[in-house]
Amino acid sequence: MATNTVPGPGQPRTLVGKAAFEVDDRLIVAGPVRRTLNKVFPDHWSFLLGEIALYAFVMLLLSGTYLTFFYDASMKEVVYGGSYTALRGVDMSAAYQSTLDISFDVRGGLFIRQMHHWAALLFVAAIVVHLLRIFFTGAYRRPRETNWFIGVALLVLAMLEGFAGYTLPDDLLSGTGLRIFSAVFLSIPVIGTWVYFTVFGGEFPGELIIGRLYILHVLIIPAVLLALIALHLLILVKQKHTQFPGAGRTEHNVVGNRLFPTFAAKATGLLFIVFGVLAALGGLVQINPIWQMGPYNPSQVSAGSQPDWYIGFVDGGSRIFPPWEIDLWGYHIPPVLWGALGIPGVMFTALALYPFIERKLTGDTASHHLLQRPRDVPVRTSLGMMALTAYLVLFISGGNDVVADKLDISLNAMTWAGRIGFLVLPPIAYWATYRICLGLEQHDREVLEHGIETGVIRRLPSGEFIEVHQPLGPVDEHGHGTLAYGGASVPKKMNQVGGARRAIRGFFKPIEEPAAVQREAELEARGLESEQAARQLTSSGRPSEGGRPSEGGRPSEGGKPQQEPRA
Amino acid sequence: MTAIHERPGSGGGSDEPGQLHGGPDDDYTPEQLQALDRTELNRLGARYDGVEVLHVEPVAPIGSALDKKNTRLVTLWFGLAGLFALAFVVIFLGSGWFLPSWEWEIGGTTWSSIYTPLVGATMGLSLICVGIALVLYVKKLLPHETAVQDKHDGSHFDRVTTGATLMSGLDASGLPRRKLLVGVLGMMSLAFGAMLVSLLGGFIKNPNKGNPLGTTPWAEGIRLLRDDGTPIRPGDQQAGSLATVFPAVEGGDKAYDAAVMLIRLRPEQLQTLEPAAGREDFGYGDYVAYSKVCTHAGCPVSLYEQETSRILCPCHQSQFDVTQGARPVFGPATRSLPQLPIALDSEGYFVARGDFPEPIGPSFWNIGRLN
């Protein structure tokens, strides 16, 4: 009998172990699982932005599925008889009625609906901020152009998905947005009227559009989003994450935490926090109160009608574009085309092609796994700030009536401010960013050469006063630092190099003994703290230095002075 | 035998089990592995995956005051998460059972108006507490490990052998030699693709059939009705006011292209009235009627500022001057609001004298070419 026999060497003894062996006997997954668990992820707060977008998407799938059980994507006309008395007896579409029912007659329905809407807003916002991080740190460079491209596609799809979603309630606000969309279709040269009739199945609004948007919103676009997100992550895992330069970090390694348990626990924690924030927003902060304006009616509109934030810049473009209609022998190209399709079209095309444009202009075709600090690539950073400024002008112009109303400014003045601002502010932003980048770069090198300002003033025997500087590393015979800039952050305060102990903890009164903190600091000097300090103090982790981590947490010394070429 | 045949999976026709998948089982016998402790095995596996653990900062020793404090902290957050989750269940399901009803109505109970906020707050706090607990767990209770993993470049061997495998497939197919077959395949693919794409034809509607874009429900003799369905006589409206009117046809008040603004001008507006050329007789007395659909993006223009005679579209702020044939005076709109010719019928009610003379609403490609 097998009972009580001692298992052979390496044989499992526990129940879980035996089960695991059984599974591996069948699937042979121990190797891949171990490789996955051992995968190293670099650690930086800005690497969490994409994760936030991912978790918001998961929340969208969950809450959206819940809503489909109650929503009726039909434009059939009904008379409202639900529990919101202000609209009782009003003619409306079944879609609007079912959205009202979700809000008033389904237990927790309003909570889920609002959570879904907040998740959509966060999803696009997190994608945008993630994209900015990728852009300003140069993470899209070879070999990651494909993932950049997928990311831009995800952003566009997320915006379309959001638009389709907030049109579904078929209330006055969303109907007005749909009407504007129909004008955008109509504005397309040559085929505009055909596109318009094809989309709506005839004249606006018809009886089909809500059903069509629904299937786009719940099946087609989410399926594409899901596939692209999966591809995005697969490529990320395959290519490994980028990292900021630092001690021991090279183009050929990744320094950080293993997936299991540290990274997995942190990522799960973030997932719960994102979900929690969305749930709290969904319950506590009202969003899109669809019952306030009533059902869609083409002859009615409300002042201050605003789309969701991510469509705002399209609206702004339509608002500030001058009334220039091209008339070619009776064939018209209306200004809506330029404001609502032209500007976003140029923006997303430029965004998608940027990695290729930059590669062409700089001639940099090498693979890069180390990120750049924005200041070290002033041209790119300035271009990014320029584009961002133009975007912000459009975004603010999208709400120019609200701004004019709240700040008591003339509406026409706001429109003109948008028109002029769109042309004038971006170049100013470019120039200012460029100067700031150069200044920051210069200051980094100044600190590396002369050391950190200590705030200690010393009087020399000659009577001269000087400020004592703390060199960051070895100095030459003139007292100048010999550390080269390595693309990593340079400490500029004494605290950052251990010049001061950490503050004693305690909110109202100290909860620890200063002596204990001192002891702790002494202990930590041999631990992670000094490791971090070393990371900041070393010249670089570039492959030219062999790419090995510095030993024993001591600052690596020397390093050939090297000037980073500017993009 | 060459080295190639010693690779795994090249056992030829033998019925012996091959090497186990993956790991270097030849290098490490079960006995050797058993002699290693768990940490050593963990590190060994990691090394095999190209991962080196550089540094582990241990946590506070088990049983120490700091460890107890940290454990208490993490436990507290998990506990809080559980309490909030419980509160959620009680509020969510208990409402309308042993708690007041959650169903909200205008002027309803306080409980029904704080139900959704409470539900959101409890679930949100519960989830956030789990998140905080997990983050604290990593920060306070897990050893801080710094690991480094090597990145690998593509292998030349893989590229060459994969390329050869693919190309030998192509060679075997003989396609490069069979020119006619390839040609027909190409043509077939085009036709095949066209077949699939042509299914979209079911969506296509002709926008030029019956001139739907150039016509509206308005026609000669159709009365102007208010939204409550009553007809209008001159004098029903105050001077300087605006009324939205609809054609007296089935579904006229729901049609997207039919809404009209009937405006009674003030005497001082009449003095500066400059109707568009050829449309001097479109109004009736001090009344003028314009399409309510903005010529920019199709929103209903509805904000009428009678002091300046301007109509503002709230969507993109186009402004039209009603004393000048509703010509656009500011904003992105380029065309005047089309004017509806009006007159009185035999009973003295306002009627249309015909449809709008031009298409209403946003511009499109062939707008100037519609008859």
# chains A, B, ... in the order shown; residues from 1 in each chain; ligands from 1
$ residues_around --residues "Gln34 in chain B" --least-positions-apart "5" --cutoff "10 Å" --atoms "only C-alpha atoms" --output "list in words"
Gly8, Pro9, Gly10 and Gln11 of chain A; Tyr28, Thr29 and Leu41 of chain B
$ closest_atom_pairs --of "chain B" --to "chain A" --cutoff "6 Å" --atoms "only C-alpha atoms" --output "JSON lines"
{"residue": "B:Pro30", "atom": "CA", "partner": "A:Gly10", "partner_atom": "CA", "distance": 5.3}
{"residue": "B:Glu31", "atom": "CA", "partner": "A:Pro9", "partner_atom": "CA", "distance": 5.6}
{"residue": "B:Gln34", "atom": "CA", "partner": "A:Gly10", "partner_atom": "CA", "distance": 5.7}
{"residue": "B:Ala46", "atom": "CA", "partner": "A:Asn38", "partner_atom": "CA", "distance": 5.9}
{"residue": "B:Asp49", "atom": "CA", "partner": "A:Arg35", "partner_atom": "CA", "distance": 5.8}
{"residue": "B:Thr116", "atom": "CA", "partner": "A:Gly283", "partner_atom": "CA", "distance": 5.2}
{"residue": "B:Pro117", "atom": "CA", "partner": "A:Gly283", "partner_atom": "CA", "distance": 4.3}
{"residue": "B:Gly120", "atom": "CA", "partner": "A:Gly283", "partner_atom": "CA", "distance": 3.6}
{"residue": "B:Ala121", "atom": "CA", "partner": "A:Ala280", "partner_atom": "CA", "distance": 4.9}
{"residue": "B:Gly124", "atom": "CA", "partner": "A:Gly276", "partner_atom": "CA", "distance": 3.9}
{"residue": "B:Leu127", "atom": "CA", "partner": "A:Gly276", "partner_atom": "CA", "distance": 4.5}
{"residue": "B:Ile128", "atom": "CA", "partner": "A:Ile273", "partner_atom": "CA", "distance": 4.5}
{"residue": "B:Gly131", "atom": "CA", "partner": "A:Gly269", "partner_atom": "CA", "distance": 3.9}
{"residue": "B:Leu134", "atom": "CA", "partner": "A:Gly269", "partner_atom": "CA", "distance": 5.0}
{"residue": "B:Val135", "atom": "CA", "partner": "A:Gly269", "partner_atom": "CA", "distance": 5.6}
{"residue": "B:Thr146", "atom": "CA", "partner": "A:Gly256", "partner_atom": "CA", "distance": 5.5}
{"residue": "B:Ala147", "atom": "CA", "partner": "A:Gly256", "partner_atom": "CA", "distance": 5.4}
{"residue": "B:Val148", "atom": "CA", "partner": "A:Val255", "partner_atom": "CA", "distance": 4.3}
{"residue": "B:Gln149", "atom": "CA", "partner": "A:Val254", "partner_atom": "CA", "distance": 5.1}
{"residue": "B:Asp150", "atom": "CA", "partner": "A:Asn253", "partner_atom": "CA", "distance": 4.2}
{"residue": "B:Lys151", "atom": "CA", "partner": "A:His252", "partner_atom": "CA", "distance": 4.9}
{"residue": "B:Phe203", "atom": "CA", "partner": "A:Thr198", "partner_atom": "CA", "distance": 5.5}
{"residue": "B:Ile204", "atom": "CA", "partner": "A:Thr198", "partner_atom": "CA", "distance": 4.8}
{"residue": "B:Lys205", "atom": "CA", "partner": "A:Thr198", "partner_atom": "CA", "distance": 5.5}
{"residue": "B:Pro207", "atom": "CA", "partner": "A:Trp194", "partner_atom": "CA", "distance": 5.9}
{"residue": "B:Tyr256", "atom": "CA", "partner": "A:Pro298", "partner_atom": "CA", "distance": 5.1}
{"residue": "B:Ala259", "atom": "CA", "partner": "A:Ser299", "partner_atom": "CA", "distance": 5.8}
{"residue": "B:Ala297", "atom": "CA", "partner": "A:Ala183", "partner_atom": "CA", "distance": 5.0}
{"residue": "B:Pro300", "atom": "CA", "partner": "A:Ser299", "partner_atom": "CA", "distance": 5.5}
{"residue": "B:Pro314", "atom": "CA", "partner": "A:Ala303", "partner_atom": "CA", "distance": 5.3}
{"residue": "B:His316", "atom": "CA", "partner": "A:Arg319", "partner_atom": "CA", "distance": 4.7}
{"residue": "B:Pro332", "atom": "CA", "partner": "A:Pro323", "partner_atom": "CA", "distance": 4.2}
{"residue": "B:Ala333", "atom": "CA", "partner": "A:Pro323", "partner_atom": "CA", "distance": 5.5}
{"residue": "B:Thr334", "atom": "CA", "partner": "A:Pro323", "partner_atom": "CA", "distance": 5.2}
{"residue": "B:Pro362", "atom": "CA", "partner": "A:Ala183", "partner_atom": "CA", "distance": 5.8}
{"residue": "B:Ser363", "atom": "CA", "partner": "A:Pro334", "partner_atom": "CA", "distance": 5.8}
{"residue": "B:Phe364", "atom": "CA", "partner": "A:Ser187", "partner_atom": "CA", "distance": 5.1}
{"residue": "B:Trp365", "atom": "CA", "partner": "A:His332", "partner_atom": "CA", "distance": 4.7}
{"residue": "B:Asn366", "atom": "CA", "partner": "A:Tyr331", "partner_atom": "CA", "distance": 4.8}
{"residue": "B:Gly368", "atom": "CA", "partner": "A:Gly330", "partner_atom": "CA", "distance": 4.1}
{"residue": "B:Arg369", "atom": "CA", "partner": "A:Gly330", "partner_atom": "CA", "distance": 5.4}
$ write_last_selection --atoms "N, CA and C atoms" --output "CSV table (one decimal), in the first residue's frame"
chain,number,residue,atom,x,y,z
B,30,PRO,N,17.0,14.4,-8.5
B,30,PRO,CA,16.1,14.6,-7.4
B,30,PRO,C,16.8,14.7,-6.1
B,31,GLU,N,17.8,13.9,-5.9
B,31,GLU,CA,18.5,13.8,-4.6
B,31,GLU,C,19.2,15.2,-4.4
B,34,GLN,N,16.7,17.7,-3.5
B,34,GLN,CA,16.1,17.6,-2.2
B,34,GLN,C,17.1,18.1,-1.1
B,46,ALA,N,15.1,30.9,-10.2
B,46,ALA,CA,15.1,32.2,-10.7
B,46,ALA,C,16.3,32.4,-11.6
B,49,ASP,N,15.8,31.2,-14.9
B,49,ASP,CA,15.0,32.1,-15.7
B,49,ASP,C,15.7,33.5,-16.0
B,116,THR,N,-28.1,55.6,-2.4
B,116,THR,CA,-27.0,55.4,-3.4
B,116,THR,C,-25.7,55.9,-2.8
B,117,PRO,N,-25.6,57.1,-2.2
B,117,PRO,CA,-24.3,57.5,-1.6
B,117,PRO,C,-23.8,56.5,-0.6
B,120,GLY,N,-22.5,53.4,-2.4
B,120,GLY,CA,-21.2,53.7,-3.0
B,120,GLY,C,-20.1,53.8,-2.0
B,121,ALA,N,-20.4,54.5,-0.9
B,121,ALA,CA,-19.4,54.8,0.1
B,121,ALA,C,-18.9,53.5,0.8
B,124,GLY,N,-17.1,51.3,-1.8
B,124,GLY,CA,-15.8,52.0,-2.2
B,124,GLY,C,-14.8,51.8,-1.0
B,127,LEU,N,-13.5,48.3,-0.8
B,127,LEU,CA,-12.5,47.9,-1.8
B,127,LEU,C,-11.2,48.7,-1.5
B,128,ILE,N,-11.3,50.0,-1.2
B,128,ILE,CA,-10.1,50.8,-0.9
B,128,ILE,C,-9.3,50.2,0.3
B,131,GLY,N,-7.3,47.3,-0.8
B,131,GLY,CA,-6.2,47.8,-1.6
B,131,GLY,C,-5.1,48.3,-0.6
B,134,LEU,N,-3.4,45.5,1.2
B,134,LEU,CA,-2.4,44.8,0.3
B,134,LEU,C,-1.1,45.6,0.1
B,135,VAL,N,-1.3,46.9,-0.1
B,135,VAL,CA,-0.1,47.7,-0.3
B,135,VAL,C,0.7,47.7,1.0
B,146,THR,N,15.2,43.1,-4.3
B,146,THR,CA,15.6,43.7,-5.5
B,146,THR,C,16.2,42.7,-6.5
B,147,ALA,N,15.5,42.5,-7.6
B,147,ALA,CA,16.0,41.4,-8.5
B,147,ALA,C,16.4,42.0,-9.9
B,148,VAL,N,17.2,41.3,-10.6
B,148,VAL,CA,17.6,41.8,-11.9
B,148,VAL,C,17.4,40.7,-12.9
B,149,GLN,N,16.8,41.0,-14.0
B,149,GLN,CA,16.5,39.9,-15.0
B,149,GLN,C,17.2,40.4,-16.3
B,150,ASP,N,17.8,39.4,-17.0
B,150,ASP,CA,18.5,39.7,-18.2
B,150,ASP,C,17.4,39.8,-19.4
B,151,LYS,N,17.8,40.7,-20.3
B,151,LYS,CA,17.0,40.8,-21.5
B,151,LYS,C,17.7,40.0,-22.6
B,203,PHE,N,-26.5,48.0,-45.7
B,203,PHE,CA,-26.6,49.2,-44.9
B,203,PHE,C,-26.9,50.4,-45.8
B,204,ILE,N,-26.5,50.4,-47.1
B,204,ILE,CA,-26.5,51.6,-47.8
B,204,ILE,C,-27.9,52.1,-48.2
B,205,LYS,N,-28.1,53.4,-48.0
B,205,LYS,CA,-29.4,54.0,-48.4
B,205,LYS,C,-29.0,55.2,-49.3
B,207,PRO,N,-29.2,58.7,-50.4
B,207,PRO,CA,-29.6,60.0,-49.9
B,207,PRO,C,-30.2,60.9,-51.0
B,256,TYR,N,-37.1,66.0,-37.3
B,256,TYR,CA,-35.9,66.7,-36.9
B,256,TYR,C,-35.7,68.0,-37.8
B,259,ALA,N,-38.9,72.0,-37.1
B,259,ALA,CA,-39.1,73.0,-36.1
B,259,ALA,C,-38.8,74.4,-36.7
B,297,ALA,N,-24.1,72.7,-37.1
B,297,ALA,CA,-24.1,71.3,-36.8
B,297,ALA,C,-25.5,70.7,-36.5
B,300,PRO,N,-30.7,72.7,-32.2
B,300,PRO,CA,-31.8,73.7,-32.3
B,300,PRO,C,-31.2,75.0,-31.8
B,314,PRO,N,-26.7,77.1,-28.7
B,314,PRO,CA,-26.0,76.8,-27.5
B,314,PRO,C,-24.9,75.8,-27.7
B,316,HIS,N,-22.4,75.5,-30.4
B,316,HIS,CA,-21.2,76.0,-30.8
B,316,HIS,C,-21.2,77.5,-30.9
B,332,PRO,N,-19.1,79.7,-35.8
B,332,PRO,CA,-18.7,78.9,-37.0
B,332,PRO,C,-19.7,78.7,-38.1
B,333,ALA,N,-21.0,79.1,-37.9
B,333,ALA,CA,-22.0,78.9,-38.9
B,333,ALA,C,-21.7,79.8,-40.1
B,334,THR,N,-22.0,79.2,-41.3
B,334,THR,CA,-21.7,80.0,-42.6
B,334,THR,C,-22.9,80.4,-43.3
B,362,PRO,N,-27.3,71.5,-41.3
B,362,PRO,CA,-25.9,71.6,-41.6
B,362,PRO,C,-25.6,71.5,-43.1
B,363,SER,N,-24.5,72.1,-43.6
B,363,SER,CA,-24.2,72.0,-45.0
B,363,SER,C,-23.6,70.6,-45.3
B,364,PHE,N,-23.7,70.2,-46.6
B,364,PHE,CA,-23.2,68.9,-47.0
B,364,PHE,C,-22.7,69.1,-48.4
B,365,TRP,N,-22.1,68.1,-49.0
B,365,TRP,CA,-21.3,68.2,-50.2
B,365,TRP,C,-22.2,68.8,-51.4
B,366,ASN,N,-23.3,68.2,-51.6
B,366,ASN,CA,-24.1,68.7,-52.8
B,366,ASN,C,-25.2,69.6,-52.4
B,368,GLY,N,-25.5,72.7,-52.6
B,368,GLY,CA,-25.8,73.8,-53.6
B,368,GLY,C,-26.3,73.2,-54.9
B,369,ARG,N,-26.4,71.9,-55.0
B,369,ARG,CA,-26.8,71.2,-56.3
B,369,ARG,C,-28.2,70.6,-56.2
$ atom_distance --atom1 "CA of Ile420 in chain A" --atom2 "CA of Ala404 in chain A"
16.3 Å
$ select_by_dssp --residues "range 72-285 of chain A" --states "alpha helix (DSSP H)" --output "ChimeraX atom specification"
/A:94-104,109-137,145-167,172-186,192-200,209-215,221-239,264-284
$ atom_distance --atom1 "CA of Ser309 in chain B" --atom2 "CA of Val293 in chain B"
17.3 Å
$ atom_distance --atom1 "CA of Glu145 in chain A" --atom2 "CA of Tyr434 in chain A"
25.0 Å
$ closest_atom_pairs --of "range 378-430 of chain A" --to "range 343-364 of chain A" --cutoff "12 Å" --atoms "only C-alpha atoms" --output "CSV"
residue,atom,partner,partner_atom,distance
A:Val379,CA,A:Glu358,CA,10.1
A:Arg380,CA,A:Glu358,CA,8.4
A:Leu383,CA,A:Tyr354,CA,10.5
A:Gly384,CA,A:Leu351,CA,9.8
A:Met386,CA,A:Met347,CA,11.9
A:Ala387,CA,A:Met347,CA,8.3
A:Leu388,CA,A:Met347,CA,10.4
A:Ala390,CA,A:Met347,CA,10.0
A:Tyr391,CA,A:Met347,CA,9.0
A:Leu394,CA,A:Ile343,CA,9.6
A:Phe395,CA,A:Pro344,CA,11.8
A:Phe422,CA,A:Ile343,CA,11.4
$ select_by_dssp --residues "range 75-242 of chain B" --states "strand (DSSP E)" --output "PyMOL selection string"
chain B and resi 144-150+224-225+242
$ write_last_selection --atoms "C-alpha atoms" --output "short mmCIF file (atom, residue, chain, number, x, y, z; two decimals), in the first residue's frame"
data_model
loop_
_atom_site.label_atom_id
_atom_site.label_comp_id
_atom_site.auth_asym_id
_atom_site.auth_seq_id
_atom_site.Cartn_x
_atom_site.Cartn_y
_atom_site.Cartn_z
CA HIS B 144 11.95 43.95 0.05
CA GLU B 145 13.65 42.09 -2.73
CA THR B 146 15.57 43.71 -5.55
CA ALA B 147 16.00 41.42 -8.51
CA VAL B 148 17.58 41.82 -11.90
CA GLN B 149 16.53 39.93 -15.02
CA ASP B 150 18.47 39.71 -18.24
CA LEU B 224 -48.12 76.55 -37.91
CA LEU B 225 -48.89 74.80 -34.63
CA LEU B 242 -40.25 83.81 -30.09
#
$ decode --residues "range 412-433 of chain A" --atoms "N, CA and C atoms" --output "PDB file, in the first residue's frame"
ATOM      1  N   ASN A 412     -18.224  85.866 -27.015  1.00  0.00           N
ATOM      2  CA  ASN A 412     -17.474  86.086 -28.251  1.00  0.00           C
ATOM      3  C   ASN A 412     -15.988  86.293 -27.955  1.00  0.00           C
ATOM      4  N   ALA A 413     -15.708  86.935 -26.804  1.00  0.00           N
ATOM      5  CA  ALA A 413     -14.303  87.120 -26.421  1.00  0.00           C
ATOM      6  C   ALA A 413     -13.650  85.764 -26.172  1.00  0.00           C
ATOM      7  N   MET A 414     -14.409  84.845 -25.548  1.00  0.00           N
ATOM      8  CA  MET A 414     -13.860  83.508 -25.300  1.00  0.00           C
ATOM      9  C   MET A 414     -13.564  82.787 -26.614  1.00  0.00           C
ATOM     10  N   THR A 415     -14.474  82.950 -27.578  1.00  0.00           N
ATOM     11  CA  THR A 415     -14.256  82.312 -28.881  1.00  0.00           C
ATOM     12  C   THR A 415     -12.998  82.867 -29.538  1.00  0.00           C
ATOM     13  N   TRP A 416     -12.859  84.192 -29.494  1.00  0.00           N
ATOM     14  CA  TRP A 416     -11.659  84.789 -30.089  1.00  0.00           C
ATOM     15  C   TRP A 416     -10.400  84.409 -29.323  1.00  0.00           C
ATOM     16  N   ALA A 417     -10.517  84.321 -27.997  1.00  0.00           N
ATOM     17  CA  ALA A 417      -9.363  83.889 -27.195  1.00  0.00           C
ATOM     18  C   ALA A 417      -8.939  82.492 -27.629  1.00  0.00           C
ATOM     19  N   GLY A 418      -9.919  81.632 -27.890  1.00  0.00           N
ATOM     20  CA  GLY A 418      -9.612  80.276 -28.345  1.00  0.00           C
ATOM     21  C   GLY A 418      -8.939  80.291 -29.706  1.00  0.00           C
ATOM     22  N   ARG A 419      -9.473  81.108 -30.619  1.00  0.00           N
ATOM     23  CA  ARG A 419      -8.899  81.155 -31.970  1.00  0.00           C
ATOM     24  C   ARG A 419      -7.456  81.642 -31.937  1.00  0.00           C
ATOM     25  N   ILE A 420      -7.238  82.742 -31.183  1.00  0.00           N
ATOM     26  CA  ILE A 420      -5.873  83.304 -31.137  1.00  0.00           C
ATOM     27  C   ILE A 420      -4.969  82.391 -30.324  1.00  0.00           C
ATOM     28  N   GLY A 421      -5.511  81.910 -29.196  1.00  0.00           N
ATOM     29  CA  GLY A 421      -4.721  81.048 -28.315  1.00  0.00           C
ATOM     30  C   GLY A 421      -4.237  79.796 -29.028  1.00  0.00           C
ATOM     31  N   PHE A 422      -5.091  79.239 -29.873  1.00  0.00           N
ATOM     32  CA  PHE A 422      -4.717  78.008 -30.578  1.00  0.00           C
ATOM     33  C   PHE A 422      -3.498  78.227 -31.466  1.00  0.00           C
ATOM     34  N   LEU A 423      -3.373  79.444 -31.996  1.00  0.00           N
ATOM     35  CA  LEU A 423      -2.239  79.718 -32.881  1.00  0.00           C
ATOM     36  C   LEU A 423      -1.022  80.232 -32.129  1.00  0.00           C
ATOM     37  N   VAL A 424      -1.269  80.987 -31.042  1.00  0.00           N
ATOM     38  CA  VAL A 424      -0.156  81.704 -30.408  1.00  0.00           C
ATOM     39  C   VAL A 424       0.452  80.922 -29.243  1.00  0.00           C
ATOM     40  N   LEU A 425      -0.398  80.281 -28.438  1.00  0.00           N
ATOM     41  CA  LEU A 425       0.122  79.660 -27.214  1.00  0.00           C
ATOM     42  C   LEU A 425       1.060  78.472 -27.468  1.00  0.00           C
ATOM     43  N   PRO A 426       0.749  77.579 -28.431  1.00  0.00           N
ATOM     44  CA  PRO A 426       1.654  76.435 -28.614  1.00  0.00           C
ATOM     45  C   PRO A 426       3.111  76.820 -28.895  1.00  0.00           C
ATOM     46  N   PRO A 427       3.385  77.768 -29.795  1.00  0.00           N
ATOM     47  CA  PRO A 427       4.801  78.122 -29.972  1.00  0.00           C
ATOM     48  C   PRO A 427       5.433  78.678 -28.712  1.00  0.00           C
ATOM     49  N   ILE A 428       4.637  79.449 -27.936  1.00  0.00           N
ATOM     50  CA  ILE A 428       5.181  79.976 -26.676  1.00  0.00           C
ATOM     51  C   ILE A 428       5.508  78.812 -25.744  1.00  0.00           C
ATOM     52  N   ALA A 429       4.605  77.841 -25.696  1.00  0.00           N
ATOM     53  CA  ALA A 429       4.844  76.670 -24.838  1.00  0.00           C
ATOM     54  C   ALA A 429       6.117  75.951 -25.274  1.00  0.00           C
ATOM     55  N   TYR A 430       6.311  75.850 -26.593  1.00  0.00           N
ATOM     56  CA  TYR A 430       7.515  75.197 -27.105  1.00  0.00           C
ATOM     57  C   TYR A 430       8.765  75.922 -26.599  1.00  0.00           C
ATOM     58  N   TRP A 431       8.761  77.219 -26.776  1.00  0.00           N
ATOM     59  CA  TRP A 431       9.940  78.006 -26.404  1.00  0.00           C
ATOM     60  C   TRP A 431      10.199  77.904 -24.897  1.00  0.00           C
ATOM     61  N   ALA A 432       9.136  78.081 -24.119  1.00  0.00           N
ATOM     62  CA  ALA A 432       9.308  78.065 -22.665  1.00  0.00           C
ATOM     63  C   ALA A 432       9.809  76.693 -22.202  1.00  0.00           C
ATOM     64  N   THR A 433       9.217  75.616 -22.744  1.00  0.00           N
ATOM     65  CA  THR A 433       9.641  74.276 -22.331  1.00  0.00           C
ATOM     66  C   THR A 433      11.099  74.046 -22.692  1.00  0.00           C
TER      67      THR A 433
END
